[in-house]
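See below for the structure under consideration.
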Amino acid sequence: MKIRKPIFPAVKGILHGGDYNPEQWLDRPDILKKDVELMKEAGINSASLGIFSWSVYEPREGEFNFDWLEEIINNLYENGIYTILATPSGARPAWLDAKYPEAMRVDAYGVRNRHGLRHNHCMTSPEYRKKVEIIDGKIAERFANHPGILMWHISNEFGGECYCDLCRKKFQEYLADRYDHNIENLNTAWWTTFWSHRYTSFDQIDPPYSNGENCVLCQTLDWKRFTTENTRDFMKFEIDTVHRFNKDIPVTANFMEIYDGLDYHNMAPELDYMSWDSYPKLHNDYEPVWETALRTAFSHSLFRSMKPDRPFMLMESAPGVVNWQEVNKVRRPGFHKLMGMQAVASGTDTVQYFQIRKSRGSSEQFHGAVIDHMGTNETRVFKEVADLGQVLKNISEVAGSIADNKVALIWDWDNRWAVEDVRYLSQESKKFDDTCIDIWKALMKLGVEADIIPQDGDFSKYKVIIAPMMYLLHDGVGDKIKSFVSDGGQFMATYFTGYVDKSTLCYLGGFPGQGLSEVFGLVSEEIDALYPTDRNSIKPVKGANAKEASRLEVKDYQELIRVKGSEVLAVYENDYVKDEAAITRNTLGKGRAYYVGCRLNASDMEFIFEEMLENAGVEYGKLPVGVEYHSRFAEDNRYDFYLNFSDEAVEIQCRAGLELVTGTKTDSTLKLEGRGVAVVKSK
Ligand code: GLA
Ligand code: ZN
């Protein structure tokens with residue numbers, strides 16, 4: 001039984017709101033008044049304030065101005081709208097950069113940026129930190145105990161790197177700590193005797209400048225780890241600053257999908273709730289819209305899985321349209337609701353937007369908003385927002401419920417970074433992210449939502465784990481997989497698994513390393529990268545598995561496998577690997593370890609997934625094309641979400657219960673209109 005844990009008990013339901021920038025309209029009280037009326041009409045119960053307000057808060061150094069904010073927060077609160085209050089460190093006022101130029105970032109060529117833009121500060125700069133501490137402290141002192149404040153929104157979309165001398169020094173200190181203050185440990189880990197790159201002291205080491213050292217792979221990886229650590233440290237410093245005034249206000253920081261520059265898994269422990277900003281390229285010309293939507297669901301799963309015991313938040317999404325994509329296509333009718341409900345189905349307790357009202361000028365003036373320049377409730381977008389607002393009210397009892405998935409996919413930043421940077425394979429078709437996402441999507445099409453966890457994550461609640469291209473292994477992961485399988489788990493790995501350790505040093509004695517060779521009952525001897533139009537195929541070994549695959553296409557990669565005790569499920573049909581093992585299964589203790597030695601289309605791997613799910617006793621059921629299924633649980637209630645991203649009406653087999661969107665009883669079939677959503681509550 002799952003205890004219901006809503007993020008915001010005061011709200012009594014799902015949070016519906018978004019970024020709101022009243023500081024742009026302080027000379028228009030009529031507009032500010034109208035905004036509140038329209039928010040209420042749209043069922044909006046929260047606003048994220050102050051994200052980029054520093055130059056209004058502190059127009060000149062040391063001169064503070066918060067009265068306007070207090071008036072806004074009070075007024076919203078009186079109207080039933082709560083505030084998520086940001087720290088304004090996402091963009092710096094001009095006076096700050098003029099007086100403290102070290103706050104401005106230095107790029108990978110060593111050139112200092114000029115003033116402007118946002119999200120581009122030096123996270124190390126003591127002067128910048130001092131200024132942030134002052135402004136955050138002043139805001140927290142004044143507002144941290146206001147009853148309308150729900151949460152702190154720390155800065156905005158942390159990201160990027162700085163190559164200044166202060167950061168260089170801090171990187172050296174980070175390395176000294178990491179390598180126990182012994183430069184020989186670093187020389188070994190970085191394999192610096194190669195190309196005569198040996199160091200004799202930590203202060204000789206640079207960040208991987210674009211015009212400097214960028215071929216020492218572990219150096220690049222350690223730099224990425226350092227950048228995460230420095231950003232985490234900065235974020236923690238902001239959290240500590242606001243918490244000095246009231247430590248009970250929870251904190252979040254809005255992250256960016258599977259952003260490449262920071263290891264969010266290492267930042268998550270500092271936050272009370274995970275949140276992210278979602279801007280899918282819906283209705284594009286290269287895939288059906290439900291495929292795009294499933295990619296968004298992957299990101300939802302990633303953030304949910306970072307704190308699986310509680311709901312997470314959709315901090316930003318676009319009402320109608322964005323303005324910064326190559327093609328800013330308007331969301332087609334019905335998709336506002338579908339995407340908002342997808343977030344809830346995936347485990348969020350919030351549907352929030354960028355933005356509530358469009359700004360009149362500058363670069364985001366045409367970005368979608370709940371309230372358009374027209375300023376009325378008559379726009380299509382406003383009506384769709386209000387419609388979703390009503391649906392969220394109808395399903396308010398799902399707030400605080402959580403997922404309970406038995407399948408996990410391993411995806412993490414360290415391995416991703418290592419795969420992307422390795423000088424091997426085919427530069428064109430490494431496609432680490434797409435490979436993982438496609439496998440995750442193939443599971444979704446079988447009606448199975450997988451959590452997405454790092455290799456250091458907790459395996460214990462899962463019955464099936466799939467680890468695509470787990471090239472880099474952290475210490476102890478081999479043993480963890482071995483115990484997982486021995487204890488009855490179903491584990492699947494693919495080609496390019498277990499080649500290197502956490503320092504990107506190759507395992508000796510045969511891949512996959514760390515004892516995984518025994519777990520899978522094989523050694524991978526060669527990996528062959530294929531040209532984009534090269535194809536091989538595999539055929540099943542007769543009688544080897546219940547759900548035999550037919551002949552399947554191989555593309556991009558094929559490994560030459562030496563079988564050492566595993567059963568061969570499929571062999572290659574052509575090329576120099578003809579008749580060699582392509583897919584194997586090894587029984588170890590109570591579980592099974594599968595190895596897929598070549599790249600197949602994810603949908604062609606269904607027969608392996610089905611076998612693993614059946615071995616594990618995990619329920620699954622194929623869904624109609626375009627339909628997504630998710631579930632959440634609280635107390636003894638189960639909430640099954642069905643989202644129909646296609647235009648066709650479909651009939652779905654479901655549990656009998658109460659459909660919450662319409663408030664009608666359902667039996668075991670559910671009719672879902674094209675672009676329809678349903679939430680079936682059962683026991
Ligand atoms: C990001 C930012 C917002 C806004 C939106 C526009 O997510 O956090 O401030 O710029 O993009 O899509
Ligand atoms: Zn710096």
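Quick note on naming: the chains in the structure tokens go A, B, ... in the order shown, residues restart at 1 in each chain, and ligands are numbered from 1 in order of appearance.
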
With only C-alpha atoms as the counted atoms, please give the residues lying no more than 8 Å from stretch 433-445 of chain A, apart from itself and same-chain residues fewer than 2 positions off, as a ChimeraX atom specification. /A:294-295,298,409,411,416,431,447-450,468,602-603,606,609,622-623,625,628-629

Protein and nucleic residues near ligand 1, 8 Å, only C-alpha atoms and all ligand atoms, as a count of residues only: 19

Please identify all polymer residues within 10 Å of A:Asn211, counting only C-alpha atoms, omitting same-chain residues fewer than 6 positions from it, and present them as a PyMOL selection string. chain A and resi 108-110

Report, in Å with one decimal, the straight-line distance from atom CA of A:Ser537 to atom CA of A:Ser550.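 Answer for the atom CA of A:Ser537 to atom CA of A:Ser550 separation: 10.1 Å.
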
Give me, as an MDAnalysis selection string, the set of residues whose atoms come within 7 Å of any atom of ligand 2, counting only C-alpha atoms and all ligand atoms. chainID A and resid 105:106 122:125 162:167

Expected file contents, prior selection, C-alpha atoms, as a short mmCIF file (atom, residue, chain, number, x, y, z; two decimals), in the first residue's frame:
data_model
loop_
_atom_site.label_atom_id
_atom_site.label_comp_id
_atom_site.auth_asym_id
_atom_site.auth_seq_id
_atom_site.Cartn_x
_atom_site.Cartn_y
_atom_site.Cartn_z
CA ARG A 105 31.89 33.30 -17.68
CA VAL A 106 34.99 32.45 -19.68
CA CYS A 122 30.92 31.77 -13.12
CA MET A 123 29.73 29.38 -10.41
CA THR A 124 33.08 29.70 -8.64
CA SER A 125 33.39 33.50 -8.45
CA CYS A 162 33.19 28.27 -17.14
CA TYR A 163 36.89 28.04 -18.01
CA CYS A 164 38.16 31.02 -16.02
CA ASP A 165 41.23 30.90 -13.79
CA LEU A 166 39.10 30.58 -10.66
CA CYS A 167 37.33 27.56 -12.14
#

Would you please extract all strand (DSSP E or B) residues from stretch 188-390 of chain A, as assigned by DSSP on the backbone, and give them as a list in words?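 Strand (DSSP E or B) members of stretch 188-390 of chain A, listed: Val251, Thr252, Asn254, Phe255, Ser275, Trp276, Asp277, Ser278, Phe312, Met313, Leu314, Met315, Glu316, Ser317, Thr348, Asp349, Thr350, Val351, Gln352, Tyr353, Arg357 and Ile371 of chain A.
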
Go ahead and write the selection's residues with C-alpha atoms as a compact mmCIF listing (two decimals), in the first residue's frame.
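Dumped everything to result_27.txt:
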# COMPACT_ATOMS: atom_id res chain seq x y z
CA VAL A 251 13.16 23.46 -2.78
CA THR A 252 13.35 22.48 -6.40
CA ASN A 254 13.99 23.29 -12.92
CA PHE A 255 16.03 20.94 -15.08
CA SER A 275 11.09 19.40 -11.66
CA TRP A 276 11.78 19.90 -15.34
CA ASP A 277 10.87 22.01 -18.35
CA SER A 278 9.33 20.22 -21.32
CA PHE A 312 7.64 15.28 -9.24
CA MET A 313 6.79 18.50 -11.10
CA LEU A 314 6.35 19.70 -14.64
CA MET A 315 7.74 23.18 -14.02
CA GLU A 316 7.41 24.58 -17.54
CA SER A 317 5.62 23.66 -20.74
CA THR A 348 3.73 14.84 -11.59
CA ASP A 349 1.58 16.73 -9.13
CA THR A 350 1.87 19.88 -11.22
CA VAL A 351 1.14 21.15 -14.70
CA GLN A 352 2.93 24.45 -15.14
CA TYR A 353 3.68 26.67 -18.06
CA ARG A 357 1.26 36.24 -19.81
CA ILE A 371 -2.78 35.02 -21.72

For a test of reading the model, state the distance in Å between atom CA of A:Gly498 and atom CA of A:Ser524, rounded to one decimal. 9.8 Å

Close residues, A:Phe520 itself excluded, 7 Å, only C-alpha atoms, min 3 positions apart in chain, as a ChimeraX atom specification: /A:516-517,566,586,593-595

Take the residues from that selection and put them in a file with N, CA and C atoms, as a CSV table (one decimal), in the first residue's frame.
chain,number,residue,atom,x,y,z
A,516,LEU,N,31.3,-9.7,-15.4
A,516,LEU,CA,30.1,-9.8,-16.1
A,516,LEU,C,30.2,-10.9,-17.2
A,517,SER,N,31.4,-11.2,-17.6
A,517,SER,CA,31.6,-12.2,-18.6
A,517,SER,C,31.0,-13.5,-18.1
A,566,SER,N,26.7,-19.8,-22.1
A,566,SER,CA,25.3,-19.4,-22.3
A,566,SER,C,24.6,-20.1,-23.4
A,586,ASN,N,21.8,-16.6,-20.4
A,586,ASN,CA,22.5,-17.4,-19.4
A,586,ASN,C,21.7,-17.5,-18.1
A,593,ALA,N,20.3,-13.9,-17.5
A,593,ALA,CA,21.1,-12.7,-18.0
A,593,ALA,C,21.1,-12.8,-19.6
A,594,TYR,N,20.5,-11.9,-20.2
A,594,TYR,CA,20.4,-11.9,-21.7
A,594,TYR,C,21.4,-10.9,-22.3
A,595,TYR,N,21.9,-11.3,-23.4
A,595,TYR,CA,22.9,-10.4,-24.1
A,595,TYR,C,22.6,-10.3,-25.5

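Coordinates place atom CA of A:Val680 at a distance of 9.4 Å from atom CA of A:Thr664.
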
Just the residues within 10 Å of stretch 541-545 of chain A, please, counting only C-alpha atoms, with nothing from its chain fewer than 4 positions along; format it as a ChimeraX atom specification. /A:549-550,567-571,579,581,583-585,607-608,611

For those residues, write N, CA, C and O atoms to a file as a PDB file, in the first residue's frame.
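Written out: out-v5.pdb:
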ATOM      1  N   ALA A 549      11.990 -15.389 -32.476  1.00  0.00           N
ATOM      2  CA  ALA A 549      12.024 -14.254 -33.400  1.00  0.00           C
ATOM      3  C   ALA A 549      12.090 -14.815 -34.805  1.00  0.00           C
ATOM      4  O   ALA A 549      12.636 -15.883 -35.032  1.00  0.00           O
ATOM      5  N   SER A 550      11.534 -14.066 -35.723  1.00  0.00           N
ATOM      6  CA  SER A 550      11.779 -14.435 -37.110  1.00  0.00           C
ATOM      7  C   SER A 550      13.106 -13.789 -37.485  1.00  0.00           C
ATOM      8  O   SER A 550      13.774 -13.188 -36.650  1.00  0.00           O
ATOM      9  N   GLU A 567      23.302 -20.038 -23.459  1.00  0.00           N
ATOM     10  CA  GLU A 567      22.560 -20.637 -24.575  1.00  0.00           C
ATOM     11  C   GLU A 567      22.468 -19.613 -25.702  1.00  0.00           C
ATOM     12  O   GLU A 567      22.225 -18.438 -25.446  1.00  0.00           O
ATOM     13  N   VAL A 568      22.577 -20.074 -26.911  1.00  0.00           N
ATOM     14  CA  VAL A 568      22.486 -19.161 -28.050  1.00  0.00           C
ATOM     15  C   VAL A 568      21.036 -19.116 -28.529  1.00  0.00           C
ATOM     16  O   VAL A 568      20.452 -20.152 -28.846  1.00  0.00           O
ATOM     17  N   LEU A 569      20.473 -17.905 -28.539  1.00  0.00           N
ATOM     18  CA  LEU A 569      19.080 -17.766 -28.969  1.00  0.00           C
ATOM     19  C   LEU A 569      18.973 -17.402 -30.444  1.00  0.00           C
ATOM     20  O   LEU A 569      17.975 -17.694 -31.089  1.00  0.00           O
ATOM     21  N   ALA A 570      19.983 -16.692 -30.949  1.00  0.00           N
ATOM     22  CA  ALA A 570      19.940 -16.314 -32.366  1.00  0.00           C
ATOM     23  C   ALA A 570      21.364 -16.190 -32.876  1.00  0.00           C
ATOM     24  O   ALA A 570      22.281 -15.851 -32.116  1.00  0.00           O
ATOM     25  N   VAL A 571      21.544 -16.477 -34.159  1.00  0.00           N
ATOM     26  CA  VAL A 571      22.883 -16.373 -34.776  1.00  0.00           C
ATOM     27  C   VAL A 571      22.827 -15.432 -35.977  1.00  0.00           C
ATOM     28  O   VAL A 571      21.764 -15.211 -36.566  1.00  0.00           O
ATOM     29  N   ASP A 579      26.725 -17.468 -38.568  1.00  0.00           N
ATOM     30  CA  ASP A 579      26.539 -18.614 -37.665  1.00  0.00           C
ATOM     31  C   ASP A 579      27.115 -18.420 -36.256  1.00  0.00           C
ATOM     32  O   ASP A 579      27.044 -19.315 -35.418  1.00  0.00           O
ATOM     33  N   ALA A 581      27.138 -16.511 -32.479  1.00  0.00           N
ATOM     34  CA  ALA A 581      26.062 -16.098 -31.575  1.00  0.00           C
ATOM     35  C   ALA A 581      25.778 -14.597 -31.683  1.00  0.00           C
ATOM     36  O   ALA A 581      26.709 -13.783 -31.687  1.00  0.00           O
ATOM     37  N   ILE A 583      22.494 -13.410 -30.052  1.00  0.00           N
ATOM     38  CA  ILE A 583      21.726 -13.185 -28.808  1.00  0.00           C
ATOM     39  C   ILE A 583      21.904 -14.419 -27.930  1.00  0.00           C
ATOM     40  O   ILE A 583      21.804 -15.549 -28.423  1.00  0.00           O
ATOM     41  N   THR A 584      22.178 -14.174 -26.657  1.00  0.00           N
ATOM     42  CA  THR A 584      22.377 -15.316 -25.750  1.00  0.00           C
ATOM     43  C   THR A 584      21.572 -15.128 -24.475  1.00  0.00           C
ATOM     44  O   THR A 584      21.128 -14.020 -24.159  1.00  0.00           O
ATOM     45  N   ARG A 585      21.439 -16.257 -23.758  1.00  0.00           N
ATOM     46  CA  ARG A 585      20.723 -16.241 -22.476  1.00  0.00           C
ATOM     47  C   ARG A 585      21.509 -17.125 -21.518  1.00  0.00           C
ATOM     48  O   ARG A 585      21.862 -18.250 -21.867  1.00  0.00           O
ATOM     49  N   PHE A 607      10.300  -9.762 -28.526  1.00  0.00           N
ATOM     50  CA  PHE A 607      10.212 -11.174 -28.103  1.00  0.00           C
ATOM     51  C   PHE A 607      11.104 -11.435 -26.889  1.00  0.00           C
ATOM     52  O   PHE A 607      10.771 -12.260 -26.036  1.00  0.00           O
ATOM     53  N   ILE A 608      12.208 -10.698 -26.777  1.00  0.00           N
ATOM     54  CA  ILE A 608      13.065 -10.880 -25.591  1.00  0.00           C
ATOM     55  C   ILE A 608      12.390 -10.231 -24.385  1.00  0.00           C
ATOM     56  O   ILE A 608      12.346 -10.807 -23.296  1.00  0.00           O
ATOM     57  N   GLU A 611       9.635 -12.375 -23.087  1.00  0.00           N
ATOM     58  CA  GLU A 611      10.136 -13.541 -22.340  1.00  0.00           C
ATOM     59  C   GLU A 611      10.585 -13.118 -20.935  1.00  0.00           C
ATOM     60  O   GLU A 611      10.272 -13.769 -19.938  1.00  0.00           O
TER      61      GLU A 611
END

For A:Tyr471, which residue among A:Val577, A:Leu505, A:Val661, A:Leu38 is the nearest when counting only C-alpha atoms?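 Checking each candidate against A:Tyr471, we get A:Leu505 as the closest.
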
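These are the residues of stretch 568-629 of chain A assigned alpha helix (DSSP H) by DSSP from backbone coordinates: Glu606, Phe607, Ile608, Phe609, Glu610, Glu611, Met612, Leu613, Glu614, Asn615 and Ala616 of chain A.
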
Could you turn the residues from that selection into a file that holds N, CA, C and O atoms, as a CSV table (one decimal), in the first residue's frame?
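out.csv written:
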chain,number,residue,atom,x,y,z
A,606,GLU,N,11.1,-7.1,-29.0
A,606,GLU,CA,9.9,-7.4,-28.2
A,606,GLU,C,9.9,-8.8,-27.7
A,606,GLU,O,9.5,-9.1,-26.5
A,607,PHE,N,10.3,-9.8,-28.5
A,607,PHE,CA,10.2,-11.2,-28.1
A,607,PHE,C,11.1,-11.4,-26.9
A,607,PHE,O,10.8,-12.3,-26.0
A,608,ILE,N,12.2,-10.7,-26.8
A,608,ILE,CA,13.1,-10.9,-25.6
A,608,ILE,C,12.4,-10.2,-24.4
A,608,ILE,O,12.3,-10.8,-23.3
A,609,PHE,N,11.9,-9.0,-24.6
A,609,PHE,CA,11.2,-8.3,-23.5
A,609,PHE,C,10.0,-9.2,-23.0
A,609,PHE,O,9.9,-9.3,-21.7
A,610,GLU,N,9.3,-9.7,-23.9
A,610,GLU,CA,8.1,-10.5,-23.5
A,610,GLU,C,8.6,-11.7,-22.6
A,610,GLU,O,8.0,-12.1,-21.6
A,611,GLU,N,9.6,-12.4,-23.1
A,611,GLU,CA,10.1,-13.5,-22.3
A,611,GLU,C,10.6,-13.1,-20.9
A,611,GLU,O,10.3,-13.8,-19.9
A,612,MET,N,11.3,-12.0,-20.9
A,612,MET,CA,11.8,-11.5,-19.6
A,612,MET,C,10.6,-11.2,-18.6
A,612,MET,O,10.6,-11.5,-17.4
A,613,LEU,N,9.6,-10.5,-19.2
A,613,LEU,CA,8.4,-10.1,-18.4
A,613,LEU,C,7.7,-11.3,-17.9
A,613,LEU,O,7.3,-11.4,-16.8
A,614,GLU,N,7.6,-12.3,-18.8
A,614,GLU,CA,6.9,-13.5,-18.4
A,614,GLU,C,7.7,-14.3,-17.3
A,614,GLU,O,7.1,-14.7,-16.3
A,615,ASN,N,9.0,-14.4,-17.5
A,615,ASN,CA,9.8,-15.0,-16.5
A,615,ASN,C,9.6,-14.3,-15.1
A,615,ASN,O,9.6,-15.0,-14.1
A,616,ALA,N,9.5,-13.0,-15.2
A,616,ALA,CA,9.4,-12.2,-14.0
A,616,ALA,C,8.0,-12.1,-13.4
A,616,ALA,O,7.8,-11.5,-12.3

Calculated over only C-alpha atoms, which of the candidates A:Leu32, A:Ile249, A:Cys215, A:Ala403 has the smallest distance to A:Arg304?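 So, comparing all the options, the nearest one is A:Ala403.
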